[in-house]
Amino acid sequence: MELYVIRHGQSEANLEGRFSGWSPSPLTELGRAQAEKTGERLKGLRFDRIYSSDTCRARQTTELVFSGCEYTADWRLREINVGPDLAERTRTECMAQYGDVLSDALGRRDFIGFGGESYGQQMERVASFMKELENIPEEERIAVVCHGGSVVSMLGYVLGMRIPHNSMQLENASVTCFRYLNGNWKLLKWSDTGDIFAGE
Amino acid sequence: MELYVIRHGQSETNVDRRFGGWAQVPLTEKGMNQARSTHEKLKGIKFDRIISSDLLRAKQTTELVFPGCVYSEDRRLREINVGAVLEKKCRIASLEEYGEPLRKAMENRDYRAFDGESTEDQIRRVAEFMDDLAAIPDDERIAVVCHEGSLFSVLCYVLGVQLKYHQIEAGNASYSRFKRQNGVWKLVSWNEGSL
């Protein structure tokens with residue numbers, strides 16, 4: 001089974017440096033264009049199933065990349081929950097208020113103290129989604145649209161380890177590929193934007 | 001620092017499933033075309049230094065991806081040494097000849113019993129190469145042309161973890177990007193150029 005994972009396009013929170021987590025921040029104009037471009041790149045591929053995080057920016061991306069296609073929304077694909085205090089506020093503003101407590105939470109990627117989730121909890125729900133995919137026939141090709149943290153959690157599941165979050169970069173609307181064959185997962189591609197000038 | 005790591009194009013030993021290792025095997029016609037296509041993708045980008053494994057298939061790739069450019073060679077970027085007895089030999093026929101010891105060597109990617117290297121040996125020499133990049137300023141962009149095993153070793157170095165070789169794959173003449181900022185390495189992309 002081939003799994004194509006697409007990160008959502010640029011959201012308003014991405015642009016403004018705001019925490020988003022589970023908040024319904026929509027795509028920007030650029031984010032919509034990024035998703036459309038990824039749709040162009042993938043249009044030659046037939047997908048047997050499409051899944052999306054149920055958060056606004058992911059659903060909007062799904063509907064642009066796979067326009068007119070049916071998809072299943074799954075909450076387990078959501079970004080890490082940063083808790084109600086941080087969501088939709090700028091990083092600068094939150095840093096000024098919480099200082100070291102927030103630096104520490106960001107470093108460990110653990111927002112439980114803010115009423116959100118830990119990295120471990122996100123990894124667990126993403127792993128339960130990945131385990132279900134293992135029952136899908138090997139010849140199928142699946143697409144998933146979700147978030148940076150969810151994709152890093154998927155990679156952690158595939159490699160069987162906790163990936164240090166600050167070692168990874170994942171572009172908006174980029175494509176990451178995994179393969180599941182004979183009971184083994186493999187990383188085939190990470191954050192392919194098809195355009196090496198993206199982000200420059 | 002931005003680091004682009006390019007795998008060599010298809011070599012003769014890739015096609016007929018022979019061991020490559022440190023053997024001096026050339027690219028196939030297809031491998032040359034793959035390298036030319038990577039040249040097309042990367043030609044708009046300015047690189048401050050180009051460093052290639054000193055094995056023939058890597059050097060041929062370097063000269064096609066970066067035609068006319070000066071590059072240096074570094075033997076620490078070589079593929080894993082499978083031992084001279086296995087080089088250029090068919091994997092299937094070798095398994096018949098050497099049986100269990102070879103099956104184990106391939107499974108563990110540890111060729112010390114054949115006078116070659118273990119995966120850890122390869123990771124260690126590639127890590128030495130990566131450590132040396134610390135001397136290069138953060139604003140430079142570097143291209144490295146090497147092998148799937150060396151690319152795997154770079155990824156282990158960047159993530160600071162020991163991965164298993166069968167968990168990852170990188171296509172011929174693909175490129176993967178890494179970034180170093182304030183002493184911290186990041187994976188930017190893996191196996192681009194083939195979608």
# chains A, B, ... in the order shown; residues from 1 in each chain; ligands from 1

call {"tool": "residues_around", "arguments": {"residues": "Arg49 of chain A", "least_positions_apart": "2", "cutoff": "10 Å", "atoms": "only C-alpha atoms", "output": "JSON, numbers by chain"}}
result
{"A": [3, 46, 47, 51, 69, 70, 71, 72, 136, 140, 141, 142, 143, 144]}

call {"tool": "write_last_selection", "arguments": {"atoms": "C-alpha atoms", "output": "mmCIF file, in the first residue's frame"}}
result
data_model
loop_
_atom_site.group_PDB
_atom_site.id
_atom_site.type_symbol
_atom_site.label_atom_id
_atom_site.label_comp_id
_atom_site.auth_asym_id
_atom_site.auth_seq_id
_atom_site.Cartn_x
_atom_site.Cartn_y
_atom_site.Cartn_z
ATOM 1 C CA LEU A 3 0.396 6.287 1.382
ATOM 2 C CA ARG A 46 -5.537 7.343 -8.863
ATOM 3 C CA PHE A 47 -6.296 7.175 -5.145
ATOM 4 C CA TYR A 51 -8.704 10.802 4.401
ATOM 5 C CA CYS A 69 -13.652 13.576 -4.654
ATOM 6 C CA GLU A 70 -15.246 11.959 -1.644
ATOM 7 C CA TYR A 71 -13.163 11.794 1.494
ATOM 8 C CA THR A 72 -13.414 10.619 5.079
ATOM 9 C CA ILE A 136 -6.115 -2.067 3.558
ATOM 10 C CA GLU A 140 -4.249 0.313 -2.926
ATOM 11 C CA ARG A 141 -3.038 3.897 -2.977
ATOM 12 C CA ILE A 142 -4.247 6.152 -0.155
ATOM 13 C CA ALA A 143 -4.097 9.904 0.361
ATOM 14 C CA VAL A 144 -4.157 11.635 3.720
#

call {"tool": "interface_residues", "arguments": {"of": "chain A", "to": "chain B", "cutoff": "9 Å", "atoms": "only C-alpha atoms", "output": "ChimeraX atom specification"}}
result
/A:41-42,158-159,161,163-164,166-171,176,184-197

call {"tool": "residues_around", "arguments": {"residues": "Arg57 of chain B", "least_positions_apart": "4", "cutoff": "7 Å", "atoms": "only C-alpha atoms", "output": "PyMOL selection string"}}
result
chain B and resi 8+11+25-27+61

call {"tool": "write_last_selection", "arguments": {"atoms": "N, CA and C atoms", "output": "PDB file, in the first residue's frame"}}
result
ATOM      1  N   HIS B   8      23.692   8.737  -6.697  1.00  0.00           N
ATOM      2  CA  HIS B   8      24.136   8.513  -8.073  1.00  0.00           C
ATOM      3  C   HIS B   8      23.006   7.941  -8.937  1.00  0.00           C
ATOM      4  N   SER B  11      23.372   2.474 -11.807  1.00  0.00           N
ATOM      5  CA  SER B  11      24.675   1.931 -12.206  1.00  0.00           C
ATOM      6  C   SER B  11      24.474   0.526 -12.768  1.00  0.00           C
ATOM      7  N   VAL B  25      32.128   0.676 -10.754  1.00  0.00           N
ATOM      8  CA  VAL B  25      31.176   0.357 -11.818  1.00  0.00           C
ATOM      9  C   VAL B  25      30.588   1.645 -12.385  1.00  0.00           C
ATOM     10  N   PRO B  26      30.405   1.678 -13.708  1.00  0.00           N
ATOM     11  CA  PRO B  26      29.898   2.908 -14.325  1.00  0.00           C
ATOM     12  C   PRO B  26      28.372   3.013 -14.298  1.00  0.00           C
ATOM     13  N   LEU B  27      27.867   4.187 -14.650  1.00  0.00           N
ATOM     14  CA  LEU B  27      26.429   4.389 -14.826  1.00  0.00           C
ATOM     15  C   LEU B  27      25.971   3.695 -16.100  1.00  0.00           C
ATOM     16  N   THR B  61      28.087  10.817 -11.997  1.00  0.00           N
ATOM     17  CA  THR B  61      26.853  11.551 -11.684  1.00  0.00           C
ATOM     18  C   THR B  61      27.171  13.021 -11.421  1.00  0.00           C
TER      19      THR B  61
END

call {"tool": "closest_residue", "arguments": {"among": "B:Leu95, B:Leu151, B:Ala105, B:Val144", "to": "Asp54 of chain B", "atoms": "only C-alpha atoms"}}
result
B:Val144

call {"tool": "closest_residue", "arguments": {"among": "A:Leu181, A:Leu15, A:Leu45, A:Ala87", "to": "Asn135 of chain A", "atoms": "only C-alpha atoms"}}
result
A:Leu181

call {"tool": "select_by_dssp", "arguments": {"residues": "segment 45-89 of chain A", "states": "strand (DSSP E)", "output": "count of residues only"}}
result
6

call {"tool": "residues_around", "arguments": {"residues": "Gly9 of chain B", "least_positions_apart": "5", "cutoff": "10 Å", "atoms": "only C-alpha atoms", "output": "NGL selection string"}}
result
:B and (14 or 26-36 or 38 or 57-58 or 60-62 or 64-65 or 146-147 or 171-174)

call {"tool": "residues_around", "arguments": {"residues": "Trp22 of chain A", "least_positions_apart": "2", "cutoff": "7 Å", "atoms": "only C-alpha atoms", "output": "NGL selection string"}}
result
:A and (20 or 24 or 55 or 78-79 or 81)

call {"tool": "select_by_dssp", "arguments": {"residues": "chain B", "states": "alpha helix (DSSP H)", "output": "PyMOL selection string"}}
result
chain B and resi 12-15+29-42+56-65+91-98+100-108+119-132+148-159

call {"tool": "closest_residue", "arguments": {"among": "B:Cys90, B:Cys69, B:Leu55, B:Ile6", "to": "Val154 of chain B", "atoms": "only C-alpha atoms"}}
result
B:Ile6

call {"tool": "residues_around", "arguments": {"residues": "segment 28-40 of chain A", "least_positions_apart": "2", "cutoff": "10 Å", "atoms": "only C-alpha atoms", "output": "PyMOL selection string"}}
result
chain A and resi 6-15+25-26+42-44+57+60-67+172-175+192-194+198

call {"tool": "write_last_selection", "arguments": {"atoms": "N, CA and C atoms", "output": "tab-separated table (two decimals), in the first residue's frame"}}
result
chain	number	residue	atom	x	y	z
A	6	ILE	N	-0.24	14.66	2.61
A	6	ILE	CA	-0.10	16.06	2.20
A	6	ILE	C	-0.35	16.97	3.40
A	7	ARG	N	0.58	17.87	3.63
A	7	ARG	CA	0.33	18.87	4.68
A	7	ARG	C	-0.58	19.95	4.11
A	8	HIS	N	-1.42	20.52	4.97
A	8	HIS	CA	-2.31	21.59	4.51
A	8	HIS	C	-1.52	22.78	3.96
A	9	GLY	N	-2.15	23.56	3.12
A	9	GLY	CA	-1.53	24.79	2.60
A	9	GLY	C	-1.40	25.83	3.71
A	10	GLN	N	-0.75	26.93	3.39
A	10	GLN	CA	-0.54	27.98	4.41
A	10	GLN	C	-1.88	28.46	4.99
A	11	SER	N	-1.96	28.49	6.31
A	11	SER	CA	-3.18	28.96	6.97
A	11	SER	C	-2.93	30.39	7.47
A	12	GLU	N	-4.01	31.05	7.85
A	12	GLU	CA	-3.85	32.42	8.38
A	12	GLU	C	-2.99	32.41	9.63
A	13	ALA	N	-3.15	31.36	10.46
A	13	ALA	CA	-2.34	31.26	11.68
A	13	ALA	C	-0.86	31.08	11.33
A	14	ASN	N	-0.56	30.28	10.28
A	14	ASN	CA	0.83	30.11	9.82
A	14	ASN	C	1.43	31.46	9.45
A	15	LEU	N	0.64	32.24	8.69
A	15	LEU	CA	1.12	33.51	8.18
A	15	LEU	C	1.37	34.51	9.30
A	25	SER	N	-8.53	27.90	11.84
A	25	SER	CA	-7.92	28.94	11.02
A	25	SER	C	-7.97	28.52	9.54
A	26	PRO	N	-8.53	29.37	8.66
A	26	PRO	CA	-8.67	28.99	7.25
A	26	PRO	C	-7.38	29.18	6.45
A	42	LEU	N	-0.54	15.83	-8.53
A	42	LEU	CA	-1.01	14.48	-8.19
A	42	LEU	C	-2.11	13.98	-9.13
A	43	LYS	N	-2.50	14.81	-10.10
A	43	LYS	CA	-3.72	14.46	-10.83
A	43	LYS	C	-3.57	13.19	-11.69
A	44	GLY	N	-2.34	12.81	-11.99
A	44	GLY	CA	-2.14	11.58	-12.77
A	44	GLY	C	-2.25	10.31	-11.92
A	57	ARG	N	-8.47	23.95	7.98
A	57	ARG	CA	-7.40	24.15	7.00
A	57	ARG	C	-7.07	22.86	6.24
A	60	GLN	N	-10.15	22.18	3.76
A	60	GLN	CA	-10.06	23.09	2.61
A	60	GLN	C	-8.99	22.61	1.64
A	61	THR	N	-7.85	22.16	2.19
A	61	THR	CA	-6.76	21.65	1.34
A	61	THR	C	-7.23	20.41	0.58
A	62	THR	N	-7.88	19.50	1.30
A	62	THR	CA	-8.37	18.27	0.66
A	62	THR	C	-9.28	18.60	-0.52
A	63	GLU	N	-10.18	19.57	-0.29
A	63	GLU	CA	-11.17	19.88	-1.33
A	63	GLU	C	-10.53	20.59	-2.53
A	64	LEU	N	-9.36	21.19	-2.33
A	64	LEU	CA	-8.65	21.81	-3.46
A	64	LEU	C	-7.75	20.81	-4.16
A	65	VAL	N	-7.06	19.96	-3.40
A	65	VAL	CA	-6.16	18.98	-4.01
A	65	VAL	C	-6.96	17.91	-4.75
A	66	PHE	N	-8.04	17.46	-4.13
A	66	PHE	CA	-8.85	16.37	-4.71
A	66	PHE	C	-10.26	16.89	-4.96
A	67	SER	N	-10.37	17.91	-5.80
A	67	SER	CA	-11.66	18.59	-5.93
A	67	SER	C	-12.70	17.63	-6.50
A	172	ASN	N	4.32	23.60	3.64
A	172	ASN	CA	2.88	23.61	3.37
A	172	ASN	C	2.60	22.95	2.02
A	173	ALA	N	1.57	22.13	2.00
A	173	ALA	CA	1.10	21.45	0.77
A	173	ALA	C	2.14	20.52	0.14
A	174	SER	N	3.18	20.16	0.92
A	174	SER	CA	4.18	19.22	0.41
A	174	SER	C	3.65	17.79	0.49
A	175	VAL	N	4.34	16.91	-0.25
A	175	VAL	CA	3.93	15.50	-0.31
A	175	VAL	C	4.99	14.62	0.36
A	192	ASP	N	8.20	16.70	-0.30
A	192	ASP	CA	8.50	17.01	-1.70
A	192	ASP	C	7.54	18.11	-2.14
A	193	THR	N	8.10	19.24	-2.55
A	193	THR	CA	7.25	20.34	-3.00
A	193	THR	C	7.24	20.43	-4.52
A	194	GLY	N	8.12	19.67	-5.16
A	194	GLY	CA	8.19	19.70	-6.62
A	194	GLY	C	8.73	21.02	-7.11
A	198	ALA	N	10.50	26.78	-3.68
A	198	ALA	CA	9.42	27.07	-2.74
A	198	ALA	C	10.02	27.51	-1.42

call {"tool": "residues_around", "arguments": {"residues": "Arg78 of chain B", "least_positions_apart": "2", "cutoff": "6 Å", "atoms": "only C-alpha atoms", "output": "PDB file with N, CA, C and O atoms, in the first residue's frame"}}
result
ATOM      1  N   SER B  53      31.573  11.446  -3.605  1.00  0.00           N
ATOM      2  CA  SER B  53      32.236  10.174  -3.297  1.00  0.00           C
ATOM      3  C   SER B  53      33.240   9.929  -4.420  1.00  0.00           C
ATOM      4  O   SER B  53      33.024  10.331  -5.561  1.00  0.00           O
ATOM      5  N   ARG B  75      36.548  10.097   0.224  1.00  0.00           N
ATOM      6  CA  ARG B  75      36.274   8.655   0.250  1.00  0.00           C
ATOM      7  C   ARG B  75      35.354   8.254   1.405  1.00  0.00           C
ATOM      8  O   ARG B  75      34.788   7.169   1.413  1.00  0.00           O
ATOM      9  N   ARG B  76      35.170   9.164   2.358  1.00  0.00           N
ATOM     10  CA  ARG B  76      34.260   8.845   3.464  1.00  0.00           C
ATOM     11  C   ARG B  76      32.806   8.794   3.011  1.00  0.00           C
ATOM     12  O   ARG B  76      31.932   8.331   3.727  1.00  0.00           O
TER      13      ARG B  76
END

call {"tool": "atom_distance", "arguments": {"atom1": "atom CA of Thr92 of chain A", "atom2": "atom CA of Gly107 of chain A"}}
result
15.7 Å
